[in-house]
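Source file: work-v6.csv. Holds: CSV, C-alpha atoms and all ligand atoms.
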```csv
chain,number,residue,atom,x,y,z
A,50,MET,CA,27.5,90.5,154.5
A,51,SER,CA,30.2,87.7,154.4
A,52,ALA,CA,28.3,86.0,151.6
A,53,ASN,CA,28.3,89.3,149.7
A,54,ILE,CA,32.0,89.6,150.3
A,55,SER,CA,32.9,86.2,149.0
A,56,GLU,CA,30.6,86.7,146.0
A,57,LEU,CA,32.3,90.0,145.3
A,58,LYS,CA,35.7,88.3,145.7
A,59,GLU,CA,34.8,85.7,143.1
A,60,GLU,CA,33.4,88.3,140.7
A,61,LEU,CA,36.5,90.6,141.0
A,62,THR,CA,38.9,87.7,140.8
A,63,SER,CA,37.4,86.5,137.5
A,64,LEU,CA,37.3,90.1,136.2
A,65,ILE,CA,41.0,90.5,137.0
A,66,SER,CA,42.1,87.2,135.6
A,67,ALA,CA,40.1,87.8,132.4
A,68,ALA,CA,41.9,91.2,131.9
A,69,ASN,CA,44.3,90.4,129.1
A,70,ASP,CA,45.8,93.8,128.6
A,71,LEU,CA,46.9,96.6,130.9
A,72,ASP,CA,44.0,98.9,130.0
A,73,THR,CA,41.3,96.3,130.9
A,74,LEU,CA,43.2,95.5,134.1
A,75,GLU,CA,43.2,99.2,135.0
A,76,ALA,CA,39.5,99.3,134.4
A,77,ALA,CA,39.1,96.3,136.7
A,78,ARG,CA,41.2,98.0,139.4
A,79,VAL,CA,39.0,101.2,139.3
A,80,GLN,CA,35.9,99.0,139.5
A,81,ALA,CA,37.3,97.2,142.6
A,82,LEU,CA,39.4,99.7,144.4
A,83,GLY,CA,38.7,103.1,142.9
A,84,LYS,CA,37.0,106.0,144.8
A,85,LYS,CA,33.7,104.8,143.4
A,86,GLY,CA,34.7,101.1,143.4
A,87,ARG,CA,32.9,98.1,144.7
A,88,ILE,CA,35.1,97.5,147.7
A,89,THR,CA,35.3,101.3,148.5
A,90,GLY,CA,31.5,101.4,148.3
A,91,LEU,CA,31.2,98.6,150.8
A,92,MET,CA,33.7,100.3,153.1
A,93,LYS,CA,31.4,103.3,153.1
A,94,THR,CA,28.6,101.2,154.5
A,95,LEU,CA,30.7,100.4,157.6
A,96,GLY,CA,29.6,103.6,159.4
A,97,GLY,CA,26.0,102.4,159.5
A,98,MET,CA,26.8,99.1,161.2
A,99,ASP,CA,26.8,98.1,164.8
A,100,PRO,CA,30.3,97.9,166.3
A,101,GLU,CA,30.6,94.1,166.3
A,102,GLU,CA,29.5,93.8,162.6
A,103,ARG,CA,31.6,96.8,161.6
A,104,LYS,CA,34.7,95.1,163.2
A,105,THR,CA,34.2,91.8,161.4
A,106,THR,CA,33.0,93.3,158.1
A,107,GLY,CA,35.8,95.9,158.3
A,108,GLN,CA,38.4,93.2,158.8
A,109,ALA,CA,37.0,91.0,156.0
A,110,LEU,CA,36.9,94.0,153.6
A,111,ASN,CA,40.5,94.9,154.4
A,112,VAL,CA,41.5,91.3,153.7
A,113,LEU,CA,39.6,91.4,150.5
A,114,LYS,CA,41.1,94.7,149.5
A,115,ASP,CA,44.6,93.4,150.1
A,116,GLU,CA,43.9,90.1,148.2
A,117,ILE,CA,42.4,92.0,145.2
A,118,ALA,CA,45.3,94.5,145.2
A,119,ALA,CA,47.7,91.5,145.2
A,120,LEU,CA,45.8,89.8,142.4
A,121,ILE,CA,45.9,93.0,140.3
A,122,GLU,CA,49.6,93.4,141.0
A,123,GLY,CA,50.2,89.8,140.0
A,124,GLN,CA,48.2,90.1,136.9
A,125,GLU,CA,49.9,93.3,135.9
A,126,ARG,CA,53.3,91.6,136.3
A,127,ALA,CA,52.2,88.7,134.1
A,128,LEU,CA,50.8,91.0,131.4
A,129,LYS,CA,54.0,93.2,131.4
A,130,LYS,CA,56.1,90.1,131.1
A,131,GLN,CA,53.9,88.8,128.2
A,132,GLU,CA,54.1,92.1,126.5
A,133,MET,CA,57.9,92.2,126.9
A,134,GLU,CA,58.2,88.6,125.5
A,135,GLN,CA,56.1,89.6,122.5
A,136,ARG,CA,58.3,92.7,121.8
A,137,LEU,CA,61.4,90.6,122.2
A,138,ALA,CA,60.0,88.1,119.7
A,139,SER,CA,58.9,90.7,117.1
A,140,GLU,CA,61.8,93.2,117.4
A,141,THR,CA,64.7,90.7,117.0
A,142,LEU,CA,68.1,92.1,116.1
A,143,ASP,CA,70.6,89.6,114.8
A,144,VAL,CA,73.9,90.7,116.3
A,145,SER,CA,75.9,87.7,115.1
A,146,LEU,CA,78.6,88.2,112.5
A,147,SER,CA,77.3,87.9,109.0
A,148,PRO,CA,79.3,85.5,106.7
A,149,ARG,CA,81.9,87.1,104.4
A,150,PRO,CA,80.3,88.0,101.1
A,151,GLU,CA,81.6,86.1,98.1
A,152,THR,CA,84.5,88.1,96.6
A,153,LYS,CA,83.7,89.3,93.2
A,154,GLY,CA,86.8,91.5,92.5
A,155,LYS,CA,89.7,89.8,90.8
A,156,ILE,CA,93.4,90.7,90.7
A,157,HIS,CA,94.4,91.5,87.1
A,158,PRO,CA,97.0,89.2,85.6
A,159,ILE,CA,99.4,92.1,85.1
A,160,SER,CA,99.3,92.9,88.9
A,161,GLN,CA,99.7,89.3,89.7
A,162,THR,CA,102.6,88.8,87.4
A,163,MET,CA,104.4,92.0,88.6
A,164,GLU,CA,104.0,90.8,92.2
A,165,GLU,CA,105.5,87.4,91.2
A,166,LEU,CA,108.4,89.1,89.5
A,167,GLN,CA,109.0,91.4,92.4
A,168,SER,CA,109.0,88.6,94.9
A,169,ILE,CA,111.4,86.4,92.9
A,170,PHE,CA,113.9,89.3,92.3
A,171,ALA,CA,113.6,90.5,95.9
A,172,SER,CA,114.6,87.0,97.0
A,173,MET,CA,117.8,87.4,94.8
A,174,GLY,CA,118.6,90.8,96.5
A,175,PHE,CA,117.3,93.2,93.9
A,176,SER,CA,115.6,96.4,95.1
A,177,LEU,CA,112.8,98.2,93.3
A,178,ALA,CA,113.5,101.4,91.4
A,179,GLU,CA,111.0,103.8,89.7
A,180,GLY,CA,111.1,106.5,87.1
A,181,PRO,CA,108.6,108.8,85.3
A,182,ASP,CA,106.4,107.7,82.4
A,183,ILE,CA,107.0,111.1,80.7
A,184,GLU,CA,110.7,111.2,79.9
A,185,ASP,CA,113.1,113.3,77.9
A,186,ASP,CA,115.0,112.2,74.9
A,187,TRP,CA,118.3,112.1,76.8
A,188,HIS,CA,117.2,109.5,79.3
A,189,ASN,CA,115.2,107.4,76.8
A,190,PHE,CA,117.8,107.4,74.0
A,191,THR,CA,121.0,109.4,74.2
A,192,ALA,CA,122.2,108.3,77.6
A,193,LEU,CA,121.4,104.7,76.6
A,194,ASN,CA,123.9,105.0,73.7
A,195,PHE,CA,121.3,105.7,71.0
A,196,PRO,CA,123.1,108.8,69.5
A,197,PRO,CA,120.8,111.4,67.7
A,198,GLY,CA,119.9,110.1,64.3
A,199,HIS,CA,120.7,106.5,65.2
A,200,PRO,CA,118.5,104.1,63.2
A,201,ALA,CA,117.6,102.1,66.4
A,202,ARG,CA,115.5,105.1,67.5
A,203,GLU,CA,113.2,104.6,64.6
A,204,MET,CA,112.3,101.1,65.8
A,205,HIS,CA,110.7,102.5,68.9
A,206,ASP,CA,107.6,104.1,67.4
A,207,THR,CA,107.9,106.9,69.9
A,208,PHE,CA,105.0,109.1,71.1
A,209,TYR,CA,106.5,112.6,71.3
A,210,LEU,CA,104.9,115.4,73.4
A,211,PRO,CA,104.5,118.9,72.0
A,212,ASP,CA,107.7,121.0,72.3
A,213,ASP,CA,108.1,122.9,75.5
A,214,PRO,CA,109.0,126.5,74.6
A,215,ASP,CA,111.0,126.8,77.9
A,216,GLU,CA,113.2,123.8,77.1
A,217,GLN,CA,115.2,123.9,74.0
A,218,GLY,CA,117.2,121.3,72.3
A,219,GLU,CA,117.0,117.6,71.3
A,220,ALA,CA,117.9,116.3,74.7
A,221,ALA,CA,115.0,118.0,76.4
A,222,LYS,CA,112.4,116.8,74.0
A,223,LYS,CA,109.6,115.2,76.0
A,224,LEU,CA,108.2,111.7,75.1
A,225,LEU,CA,106.4,108.8,76.7
A,226,ARG,CA,109.1,106.4,77.6
A,227,THR,CA,109.4,103.6,75.1
A,228,HIS,CA,111.1,101.2,77.6
A,229,THR,CA,112.0,101.0,81.3
A,230,SER,CA,115.7,101.1,80.5
A,231,THR,CA,115.4,104.9,81.2
A,232,VAL,CA,115.4,104.0,84.9
A,233,GLN,CA,118.8,102.3,84.6
A,234,ILE,CA,120.1,105.9,83.9
A,235,ARG,CA,118.1,107.6,86.6
A,236,ALA,CA,118.8,105.0,89.3
A,237,MET,CA,122.6,105.0,88.5
A,238,GLN,CA,122.6,108.8,88.7
A,239,GLU,CA,120.6,108.9,91.9
A,240,GLN,CA,121.9,105.9,93.8
A,241,GLY,CA,125.4,105.6,92.3
A,242,VAL,CA,127.2,102.2,91.9
A,243,PRO,CA,127.4,99.4,92.8
A,244,ILE,CA,123.7,98.9,92.2
A,245,LYS,CA,121.2,96.0,91.9
A,246,ILE,CA,117.7,97.0,90.9
A,247,ILE,CA,114.6,96.0,89.0
A,248,VAL,CA,112.1,98.4,87.5
A,249,MET,CA,108.5,97.7,86.7
A,250,GLY,CA,106.2,99.9,84.9
A,251,ARG,CA,104.3,101.2,81.9
A,252,THR,CA,105.9,101.8,78.5
A,253,TYR,CA,104.4,103.3,75.3
A,254,ARG,CA,104.9,102.7,71.6
A,255,SER,CA,102.7,103.7,68.7
A,256,ASP,CA,101.8,100.1,67.6
A,257,TYR,CA,98.6,98.0,67.7
A,258,ASP,CA,98.0,94.4,66.6
A,259,ILE,CA,97.6,91.0,68.3
A,260,THR,CA,101.1,91.2,69.9
A,261,HIS,CA,101.3,95.0,70.4
A,262,THR,CA,99.3,97.6,72.3
A,263,PRO,CA,100.3,101.3,72.6
A,264,MET,CA,100.7,100.9,76.3
A,265,PHE,CA,102.3,97.8,77.8
A,266,HIS,CA,104.5,96.9,80.8
A,267,GLN,CA,108.1,96.0,81.1
A,268,CYS,CA,110.3,94.6,83.8
A,269,GLU,CA,113.9,95.7,83.7
A,270,GLY,CA,116.9,94.6,85.7
A,271,LEU,CA,120.4,96.1,86.3
A,272,ILE,CA,123.4,95.1,88.2
A,273,ILE,CA,126.6,97.2,88.2
A,274,ASP,CA,129.6,96.2,90.3
A,275,LYS,CA,133.2,95.3,90.0
A,276,ASP,CA,134.0,92.0,88.2
A,277,ILE,CA,130.5,91.3,86.9
A,278,HIS,CA,130.6,89.0,83.9
A,279,MET,CA,128.4,87.1,81.5
A,280,GLY,CA,128.3,84.1,83.8
A,281,HIS,CA,126.5,86.1,86.4
A,282,LEU,CA,123.9,87.2,83.8
A,283,LYS,CA,123.4,83.6,82.7
A,284,GLY,CA,123.0,82.2,86.2
A,285,CYS,CA,120.7,85.0,87.4
A,286,LEU,CA,118.3,84.8,84.4
A,287,MET,CA,118.3,81.0,84.5
A,288,ASP,CA,117.3,81.0,88.2
A,289,PHE,CA,114.7,83.6,87.4
A,290,VAL,CA,112.9,81.8,84.6
A,291,ARG,CA,113.0,78.5,86.4
A,292,ALA,CA,111.4,80.1,89.5
A,293,TYR,CA,108.8,82.1,87.5
A,294,PHE,CA,107.7,79.2,85.2
A,295,GLU,CA,108.1,76.7,88.1
A,296,VAL,CA,110.0,74.3,85.9
A,297,GLU,CA,113.1,73.1,87.8
A,298,ASP,CA,115.2,72.0,84.8
A,299,LEU,CA,113.8,74.5,82.3
A,300,PRO,CA,116.3,74.6,79.4
A,301,ILE,CA,117.6,78.1,78.3
A,302,GLN,CA,119.6,79.3,75.3
A,303,PHE,CA,121.1,82.7,74.4
A,304,ARG,CA,121.1,84.0,70.9
A,305,PRO,CA,123.3,87.0,69.9
A,306,SER,CA,121.3,90.2,69.4
A,307,TYR,CA,121.7,93.9,69.3
A,308,PHE,CA,120.7,96.7,71.7
A,309,PRO,CA,122.6,100.0,71.7
A,310,PHE,CA,122.9,99.9,75.5
A,311,THR,CA,124.5,96.5,75.9
A,312,GLU,CA,127.6,94.9,74.4
A,313,PRO,CA,127.5,92.0,73.8
A,314,SER,CA,123.7,91.7,73.6
A,315,ALA,CA,121.6,88.6,73.6
A,316,GLU,CA,118.1,87.3,73.5
A,317,MET,CA,117.2,84.5,75.9
A,318,ASP,CA,114.9,81.6,74.9
A,319,ILE,CA,113.3,79.0,77.1
A,320,GLY,CA,112.5,75.4,76.0
A,321,CYS,CA,109.0,74.5,75.0
A,322,SER,CA,107.0,71.9,73.1
A,323,ARG,CA,104.1,72.4,70.9
A,324,LYS,CA,103.1,68.8,70.5
A,325,GLY,CA,99.4,68.1,70.4
A,326,GLY,CA,98.4,71.7,69.6
A,327,GLY,CA,99.1,73.2,73.0
A,328,LEU,CA,102.1,75.1,74.2
A,329,LYS,CA,104.0,73.5,77.1
A,330,ILE,CA,106.9,75.2,78.7
A,331,GLY,CA,109.9,72.9,79.6
A,332,HIS,CA,112.0,70.3,77.7
A,333,GLY,CA,110.8,70.1,74.1
A,334,ASP,CA,111.8,70.6,70.5
A,335,ASP,CA,111.2,74.3,70.3
A,336,TRP,CA,112.2,77.6,71.9
A,337,LEU,CA,110.4,80.7,73.0
A,338,GLU,CA,111.9,84.1,73.2
A,339,ILE,CA,111.5,85.6,76.7
A,340,LEU,CA,113.8,88.6,77.2
A,341,GLY,CA,116.6,90.8,76.0
A,342,CYS,CA,119.8,91.2,77.9
A,343,GLY,CA,123.5,91.9,77.7
A,344,MET,CA,126.6,93.4,79.4
A,345,VAL,CA,126.0,97.1,80.0
A,346,HIS,CA,127.7,99.2,77.3
A,347,PRO,CA,130.7,101.1,78.6
A,348,ASN,CA,129.2,104.3,77.1
A,349,VAL,CA,126.1,103.9,79.4
A,350,ILE,CA,128.3,103.6,82.5
A,351,LYS,CA,130.3,106.6,81.3
A,352,ASN,CA,127.2,108.7,80.6
A,353,CYS,CA,126.1,108.2,84.2
A,354,GLY,CA,129.4,109.5,85.5
A,355,PHE,CA,131.3,106.2,86.3
A,356,ASP,CA,134.4,104.6,85.0
A,357,PRO,CA,133.7,101.6,82.8
A,358,ASP,CA,137.2,100.2,83.4
A,359,GLU,CA,136.3,99.9,87.1
A,360,TYR,CA,132.6,99.0,86.9
A,361,GLN,CA,130.8,96.5,84.7
A,362,GLY,CA,127.4,95.0,84.8
A,363,PHE,CA,124.5,93.3,83.1
A,364,ALA,CA,121.0,94.3,82.3
A,365,PHE,CA,117.8,92.7,81.0
A,366,GLY,CA,114.4,93.6,80.0
A,367,MET,CA,111.1,91.8,79.3
A,368,GLY,CA,107.5,92.4,78.5
A,369,VAL,CA,105.3,91.7,81.5
A,370,GLU,CA,102.2,90.9,79.3
A,371,ARG,CA,104.2,88.4,77.3
A,372,ILE,CA,105.4,86.4,80.2
A,373,ALA,CA,102.0,86.5,81.8
A,374,MET,CA,100.4,85.2,78.5
A,375,LEU,CA,102.9,82.4,78.4
A,376,LYS,CA,102.5,81.3,82.0
A,377,TYR,CA,98.7,81.7,82.2
A,378,GLY,CA,97.7,80.7,78.6
A,379,ILE,CA,96.3,84.1,77.6
A,380,PRO,CA,96.2,84.2,73.7
A,381,ASP,CA,95.6,87.9,72.8
A,382,LEU,CA,97.6,90.8,74.2
A,383,ARG,CA,94.8,93.3,73.5
A,384,THR,CA,92.4,91.7,75.8
A,385,PHE,CA,94.5,92.8,78.8
A,386,PHE,CA,93.3,96.3,78.4
A,387,GLU,CA,89.7,95.9,77.3
A,388,SER,CA,88.3,96.0,80.9
A,389,ASP,CA,85.9,93.1,80.1
A,390,ASN,CA,84.7,91.7,83.4
A,391,ARG,CA,84.1,88.3,81.9
A,392,TRP,CA,87.8,88.2,80.8
A,393,LEU,CA,88.9,89.3,84.2
A,394,SER,CA,86.8,86.7,86.0
A,395,HIS,CA,88.2,84.0,83.8
A,396,TYR,CA,91.9,85.0,83.8
A,397,GLY,CA,92.0,87.1,87.0
A,398,PHE,CA,93.1,85.9,90.4
A,399,ASP,CA,91.1,85.5,93.6
A,400,PRO,CA,92.5,88.0,96.1
A,401,LEU,CA,92.4,85.4,98.8
A,402,ASP,CA,93.8,82.5,96.8
A,403,ARG,CA,96.7,83.4,94.5
A,404,PRO,CA,99.5,81.4,93.1
A,405,ASN,CA,103.1,82.4,94.0
A,406,ARG,CA,101.8,85.0,96.3
A,407,ALA,CA,104.4,87.6,97.0
A,408,THR,CA,105.5,87.3,100.6
A,409,GLY,CA,107.7,90.4,100.8
B,501,LIG,N1,114.8,98.0,76.4
B,501,LIG,C1,114.6,96.8,75.5
B,501,LIG,C2,113.3,96.9,74.7
B,501,LIG,O1,112.5,97.6,75.1
B,501,LIG,C3,114.6,95.6,76.3
B,501,LIG,C4,116.0,95.3,76.9
B,501,LIG,C5,116.9,94.6,76.2
B,501,LIG,C6,116.3,95.9,78.1
B,501,LIG,C7,118.2,94.3,76.7
B,501,LIG,C8,117.6,95.6,78.7
B,501,LIG,C9,118.5,94.9,78.0
B,501,LIG,O2,118.0,96.1,79.8
B,501,LIG,O3,119.7,94.6,78.5
B,501,LIG,O4,113.2,96.2,73.8
```
Since I need it in another form, could you write the structure as structure tokens?
Amino acid sequence: MSANISELKEELTSLISAANDLDTLEAARVQALGKKGRITGLMKTLGGMDPEERKTTGQALNVLKDEIAALIEGQERALKKQEMEQRLASETLDVSLSPRPETKGKIHPISQTMEELQSIFASMGFSLAEGPDIEDDWHNFTALNFPPGHPAREMHDTFYLPDDPDEQGEAAKKLLRTHTSTVQIRAMQEQGVPIKIIVMGRTYRSDYDITHTPMFHQCEGLIIDKDIHMGHLKGCLMDFVRAYFEVEDLPIQFRPSYFPFTEPSAEMDIGCSRKGGGLKIGHGDDWLEILGCGMVHPNVIKNCGFDPDEYQGFAFGMGVERIAMLKYGIPDLRTFFESDNRWLSHYGFDPLDRPNRATG
């Protein structure tokens, strides 16, 4: 009998260790320890043995049963571990942070330039004011000392809106603002004086060629206080162009000009050179017109309800596209508004790496 038992042990052991999946192992378990299994079958023969043989065989079979059960358990653990390792290897999930995708969007040169302007003027103590794109005749012209029928109105190529039957009269006539100077009036009326503001926004004129588009942007400045004079205007605008063009000793000059809302009025030029075909801003033999400016006309101050004998100030206005073109070498104004992605990826600014980034 003991020879039988050790043969059976060998047989079952190799059966169990050959089982390489849980189903085969279960079949081996049934074959060894199941109700009709080999060991169970031998157990059933114990009854026909004499007491001595039954005792030794019974003990040997119990040992075999425990050994086989332990082997099965060990094999089951090994197979489950193997199965888990296979699943872990095949069902991998990468929880590490993926790298930032390359940024494709670019900041438009208009946005970039307006941010630069804001940051320079904010550092000089100007605050930002806003006004509507749809204006009325009074804010766009009359309050700014363009009386009805004044020839300067003709120069603005105004887009008028259809007449509003509820609002009668010349002053209420609706239009798309032709300049941001309208906000001088609104801001003085809303905030009072003294005041120190810049305005940035869209303006509209019916004109289209290499230097004109029907919609463009302006930046306007206004200071009203007691004892403001032309020296303040000159110092402020000189500091501004030097900061904006990043040329410390940039030469400037003022030429007499005419705007209805300033007296005296001037145009400011900055130095440049055109030697070698390119345009270089700085000391040179030529000048570039940059902006219009002047001392606010007493009528404008009066129209806003203040006494021009007590308050004076200066104002200036410039085209945002024009100064962006000069700083960043963009040759054609119309391309700003063509929404051409190739243009934007060439002239646009990386959102994470921008020059003169506004800090305020
Ligand atoms: N509004 C003028 C224009 O559109 C620009 C301008 C000139 C604004 C002189 C001003 C200024 O405030 O003082 O052409």
Inset, instruction - Check which residues fall inside 10 Å of ligand LIG 501 (chain B) when counting all atoms listed in the file, and print them as an MDAnalysis selection string. - result: chainID A and resid 189 193 204:205 226:233 247:248 252:254 266:271 306:317 340:346 362:368
Restricting it to C-alpha atoms, dump the selection as a PDB file, in the coordinates of the input.
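The resulting result.pdb:
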```pdb
ATOM      1  CA  ASN A 189     115.200 107.400  76.800  1.00  0.00           C
ATOM      2  CA  LEU A 193     121.400 104.700  76.600  1.00  0.00           C
ATOM      3  CA  MET A 204     112.300 101.100  65.800  1.00  0.00           C
ATOM      4  CA  HIS A 205     110.700 102.500  68.900  1.00  0.00           C
ATOM      5  CA  ARG A 226     109.100 106.400  77.600  1.00  0.00           C
ATOM      6  CA  THR A 227     109.400 103.600  75.100  1.00  0.00           C
ATOM      7  CA  HIS A 228     111.100 101.200  77.600  1.00  0.00           C
ATOM      8  CA  THR A 229     112.000 101.000  81.300  1.00  0.00           C
ATOM      9  CA  SER A 230     115.700 101.100  80.500  1.00  0.00           C
ATOM     10  CA  THR A 231     115.400 104.900  81.200  1.00  0.00           C
ATOM     11  CA  VAL A 232     115.400 104.000  84.900  1.00  0.00           C
ATOM     12  CA  GLN A 233     118.800 102.300  84.600  1.00  0.00           C
ATOM     13  CA  ILE A 247     114.600  96.000  89.000  1.00  0.00           C
ATOM     14  CA  VAL A 248     112.100  98.400  87.500  1.00  0.00           C
ATOM     15  CA  THR A 252     105.900 101.800  78.500  1.00  0.00           C
ATOM     16  CA  TYR A 253     104.400 103.300  75.300  1.00  0.00           C
ATOM     17  CA  ARG A 254     104.900 102.700  71.600  1.00  0.00           C
ATOM     18  CA  HIS A 266     104.500  96.900  80.800  1.00  0.00           C
ATOM     19  CA  GLN A 267     108.100  96.000  81.100  1.00  0.00           C
ATOM     20  CA  CYS A 268     110.300  94.600  83.800  1.00  0.00           C
ATOM     21  CA  GLU A 269     113.900  95.700  83.700  1.00  0.00           C
ATOM     22  CA  GLY A 270     116.900  94.600  85.700  1.00  0.00           C
ATOM     23  CA  LEU A 271     120.400  96.100  86.300  1.00  0.00           C
ATOM     24  CA  SER A 306     121.300  90.200  69.400  1.00  0.00           C
ATOM     25  CA  TYR A 307     121.700  93.900  69.300  1.00  0.00           C
ATOM     26  CA  PHE A 308     120.700  96.700  71.700  1.00  0.00           C
ATOM     27  CA  PRO A 309     122.600 100.000  71.700  1.00  0.00           C
ATOM     28  CA  PHE A 310     122.900  99.900  75.500  1.00  0.00           C
ATOM     29  CA  THR A 311     124.500  96.500  75.900  1.00  0.00           C
ATOM     30  CA  GLU A 312     127.600  94.900  74.400  1.00  0.00           C
ATOM     31  CA  PRO A 313     127.500  92.000  73.800  1.00  0.00           C
ATOM     32  CA  SER A 314     123.700  91.700  73.600  1.00  0.00           C
ATOM     33  CA  ALA A 315     121.600  88.600  73.600  1.00  0.00           C
ATOM     34  CA  GLU A 316     118.100  87.300  73.500  1.00  0.00           C
ATOM     35  CA  MET A 317     117.200  84.500  75.900  1.00  0.00           C
ATOM     36  CA  LEU A 340     113.800  88.600  77.200  1.00  0.00           C
ATOM     37  CA  GLY A 341     116.600  90.800  76.000  1.00  0.00           C
ATOM     38  CA  CYS A 342     119.800  91.200  77.900  1.00  0.00           C
ATOM     39  CA  GLY A 343     123.500  91.900  77.700  1.00  0.00           C
ATOM     40  CA  MET A 344     126.600  93.400  79.400  1.00  0.00           C
ATOM     41  CA  VAL A 345     126.000  97.100  80.000  1.00  0.00           C
ATOM     42  CA  HIS A 346     127.700  99.200  77.300  1.00  0.00           C
ATOM     43  CA  GLY A 362     127.400  95.000  84.800  1.00  0.00           C
ATOM     44  CA  PHE A 363     124.500  93.300  83.100  1.00  0.00           C
ATOM     45  CA  ALA A 364     121.000  94.300  82.300  1.00  0.00           C
ATOM     46  CA  PHE A 365     117.800  92.700  81.000  1.00  0.00           C
ATOM     47  CA  GLY A 366     114.400  93.600  80.000  1.00  0.00           C
ATOM     48  CA  MET A 367     111.100  91.800  79.300  1.00  0.00           C
ATOM     49  CA  GLY A 368     107.500  92.400  78.500  1.00  0.00           C
TER      50      GLY A 368
END
```
Legend entry - Atom-to-atom span, CA of Ile319 in chain A and CA of Ile301 in chain A, Å: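 These two atoms are separated by 4.6 Å.
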Legend entry - Closest of A:Asp206, A:Glu295, A:Asp389, A:Asp356 to Pro263 in chain A - atom-to-atom distances counting all atoms listed in the file: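 Using all atoms listed in the file, the shortest distance to Pro263 in chain A belongs to A:Asp206.
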Inset, instruction - Quick one: pull the distance between CA of Pro357 in chain A and CA of Asp182 in chain A, Å, one decimal. - result: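 Going from CA of Pro357 in chain A over to CA of Asp182 in chain A covers 28.0 Å.
Distance-wise, CA of Ala119 in chain A and CA of Thr106 in chain A end up 19.6 Å apart.
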Inset, instruction - Check the smallest atom-to-atom distance from each of A:Leu375, A:Ala68, A:Val369, A:Ala178 to Arg235 in chain A using all atoms listed in the file, then report the winner. - result: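 Once distances to Arg235 in chain A are computed over all atoms listed in the file, the minimum belongs to A:Ala178.
Proximity to range 237-243 of chain A at 6 Å, evaluated using all atoms listed in the file and with sequence-adjacent residues fewer than 2 positions away removed, yields A:Ile234, A:Arg235, A:Ile273, A:Asp274, A:Cys353.
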Deliver the residues from the most recent selection as a file, using C-alpha atoms, as a PDB file, keeping the file's coordinate frame.
```pdb
ATOM      1  CA  ILE A 234     120.100 105.900  83.900  1.00  0.00           C
ATOM      2  CA  ARG A 235     118.100 107.600  86.600  1.00  0.00           C
ATOM      3  CA  ILE A 273     126.600  97.200  88.200  1.00  0.00           C
ATOM      4  CA  ASP A 274     129.600  96.200  90.300  1.00  0.00           C
ATOM      5  CA  CYS A 353     126.100 108.200  84.200  1.00  0.00           C
TER       6      CYS A 353
END
```
Inset, instruction - Determine, counting only C-alpha atoms, every residue of protein, DNA or RNA that lies within 8 Å of (114.6, 96.8, 93.2) in the file coordinates, then give the result as number ranges by chain. - result: A: 167, 170-171, 174-178, 245-248
Inset, instruction - Please provide as a list of chain:residue names all residues within 9 Å of Glu219 in chain A, with the sequence filter that same-chain residues fewer than 5 positions apart are discarded (counting all atoms listed in the file). - result: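 These residues fall inside the cut-off: A:Asp185, A:Asp186, A:Trp187, A:Pro197.
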Inset, instruction - Can you work out which one of A:Ala77, A:Met249, A:Ile121, A:Val112 has the shortest atom-to-atom distance to Ser160 in chain A, counting all atoms listed in the file? - result: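 The shortest atom-to-atom distance to Ser160 in chain A comes from A:Met249.
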Inset, instruction - Kindly indicate which residue among A:Gly83, A:Val290, A:Ala236, A:Ile156 lies nearest to Ile350 in chain A, using all atoms listed in the file for the distances. - result: A:Ala236
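Nearest residue to His157 in chain A among A:Glu370, A:Asp115, A:Glu179, A:Asp381 is A:Glu370, counting all atoms listed in the file.
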Legend entry - For Glu125 in chain A: contacts at 9 Å, all atoms listed in the file, fewer than 3 positions along chain excluded, given as a list in words: Asp70, Leu71, Leu74, Glu75, Leu120, Ile121, Glu122, Leu128, Lys129 and Lys130 of chain A
Dump of C-alpha atoms for the selected residues, as a compact mmCIF listing (two decimals), in the frame of the given file:
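What ended up in again_36.txt:
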```
# COMPACT_ATOMS: atom_id res chain seq x y z
CA ASP A 70 45.80 93.80 128.60
CA LEU A 71 46.90 96.60 130.90
CA LEU A 74 43.20 95.50 134.10
CA GLU A 75 43.20 99.20 135.00
CA LEU A 120 45.80 89.80 142.40
CA ILE A 121 45.90 93.00 140.30
CA GLU A 122 49.60 93.40 141.00
CA LEU A 128 50.80 91.00 131.40
CA LYS A 129 54.00 93.20 131.40
CA LYS A 130 56.10 90.10 131.10
```
Legend entry - Using only C-alpha atoms: which of A:Lys153, A:Asn69, A:Tyr257, A:Ser168 has the shortest distance to Gln131 in chain A: A:Asn69
Legend entry - Exercise: Gln80 in chain A partners within 12 Å, all atoms listed in the file, chain neighbours under 2 positions left out, as a list in words: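 Using all atoms listed in the file, the neighbours found are Leu57, Glu60, Leu61, Thr62, Leu64, Ile65, Thr73, Leu74, Glu75, Ala76, Ala77, Arg78, Leu82, Gly83, Lys84, Lys85, Gly86, Arg87, Ile88, Thr89, Gly90, Ile117, Ala118 and Ile121 of chain A.
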Inset, instruction - For Pro400 in chain A, please output as a ChimeraX atom specification all residues within 9 Å (counting only C-alpha atoms; exclusion window: fewer than 3 positions along the same chain). - result: /A:152,154-156,403
